[in-house]
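Read the structure below first, then the notes.
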Amino acid sequence: MSPASPGRARPSARPSPGRARPSPGRARRRFGLAARYGTLLLMLVVMLGPIVWQFLTSIRGRTENVYDGVLPTRPTLDNYVRVAESFPLLQYVGNTLVVAVLAITSNMLFAAMGGYALSRAGWKGREVVFTVLVATLMFPFESVMISMFLTVREMGLVDTLIGVWLPGAVSVLNVMIMRAAFLAVPREVEEAAVLDGAGEWTRFTRVFVPSARGALAVVCITSFMGAWDDFLWPLLVLTDSDHYTLQLGLKTLAGATTVNDQRLIAAGAMAALLPMMLLFFALQRFFFKGVGEGAVKL
């Protein structure tokens, strides 16, 4: 056999670009990415689907069937006006705001103080107190509900907004969040403040609290949501309709025989949801920052 001539080009072993196939690793990565986005989309539909349906129901006209299609044929805001006329909406919102503001203020203050105390070493009994507080998280509210009611009754706070607020004045979980946020503050910062002559209260207010603004935003949002959405405890404590919170007011709206309209109930539910959405969107930048700062580390 004669050797190949030098002028003839040898066939290339590399495949042409048009026939290139993606590697198995790249295909697996693309499939994994598609699966993650599909899961997130499914979770979004599951979480937001009921809210969207509730909103669409709240803007349906009186002559439309609630279960006839998804989109209303003649959208209207008349149901929101009818809700305000059906029961004292503004009064119930005002009562709920009083309880919510008290809960936010007390939780931010006491949770910050308790978290700071638990994050500082040098005092006896800290681990015991921390263990007891963590152990209380295992008990559901229903297990201590009766004893709390008896305590509030002995204090003469039944059928008052103070009685509604008092059991939620400070949450153990919020204390744990603030403790974790204060533990994340570098020790060098505290040592520098001590060298500058800052006392305990000055270090707490000027160094630690500003460093944990994200965690405070988390405490603010969770405290507001807990007070705004609470139904069971106000149902036990309040008897006079003039002191009802918004959730109890919505119950009377849903149970009234003359106002048993799903459109009005949906409009009332959306009116109750709006303040929480506004607060979250206003503080979301601090909230997501605080989730990382206040991750509970046991």
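Chain identifiers are assigned as A, B, and so on, following the order in which chains appear in the structure tokens; residues are numbered from 1 within each chain, and ligands are numbered from 1 in order of appearance.
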>> Show me, as a PyMOL selection string, the residues that have an atom within 9 Å of stretch 101-116 of chain A when counting only C-alpha atoms, minus same-chain residues fewer than 5 positions from it.
In response: chain A and resi 96+162+165-166+168-183+204+208-209+216-217+219-224+226-227
>> Give me the residues near A:Leu232 as an MDAnalysis selection string, where near means some atom within 10 Å (using only C-alpha atoms) and where sequence neighbours in that chain fewer than 5 positions away do not count.
In response: chainID A and resid 141:142 145 237 247:248
> Could you pull the residues within 9 Å of A:Asp242, counting only C-alpha atoms, minus those fewer than 3 positions along the same chain, as number ranges by chain?
Replying inline: A: 88, 91-92, 95, 239, 245
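Reported to one decimal place, the separation of atom CA of A:Met138 from atom CA of A:Leu238 is 27.1 Å.
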>> as a VMD selection string, please: every residue in stretch 195-269 of chain A that DSSP puts in helix (DSSP H, G or I).
In response: chain A and resid 195 200 to 211 213 to 229 232 to 237 241 to 243 246 to 255 257 to 259 262 to 269
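Residue nearest A:Asp261 within the list A:Arg126, A:Leu44, A:Gly61, A:Glu154: A:Gly61 [criterion: smallest interatomic distance, only C-alpha atoms].
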> Which one of A:Leu71, A:Ala121, A:Ala192, A:Leu250 sits closest to A:Ala267 if you count only C-alpha atoms?
Replying inline: A:Leu250
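Atom CA of A:Phe281 sits 16.3 Å away from atom CA of A:Trp228.
A straight line drawn from atom CA of A:Pro140 to atom CA of A:Met270 is 28.2 Å long.
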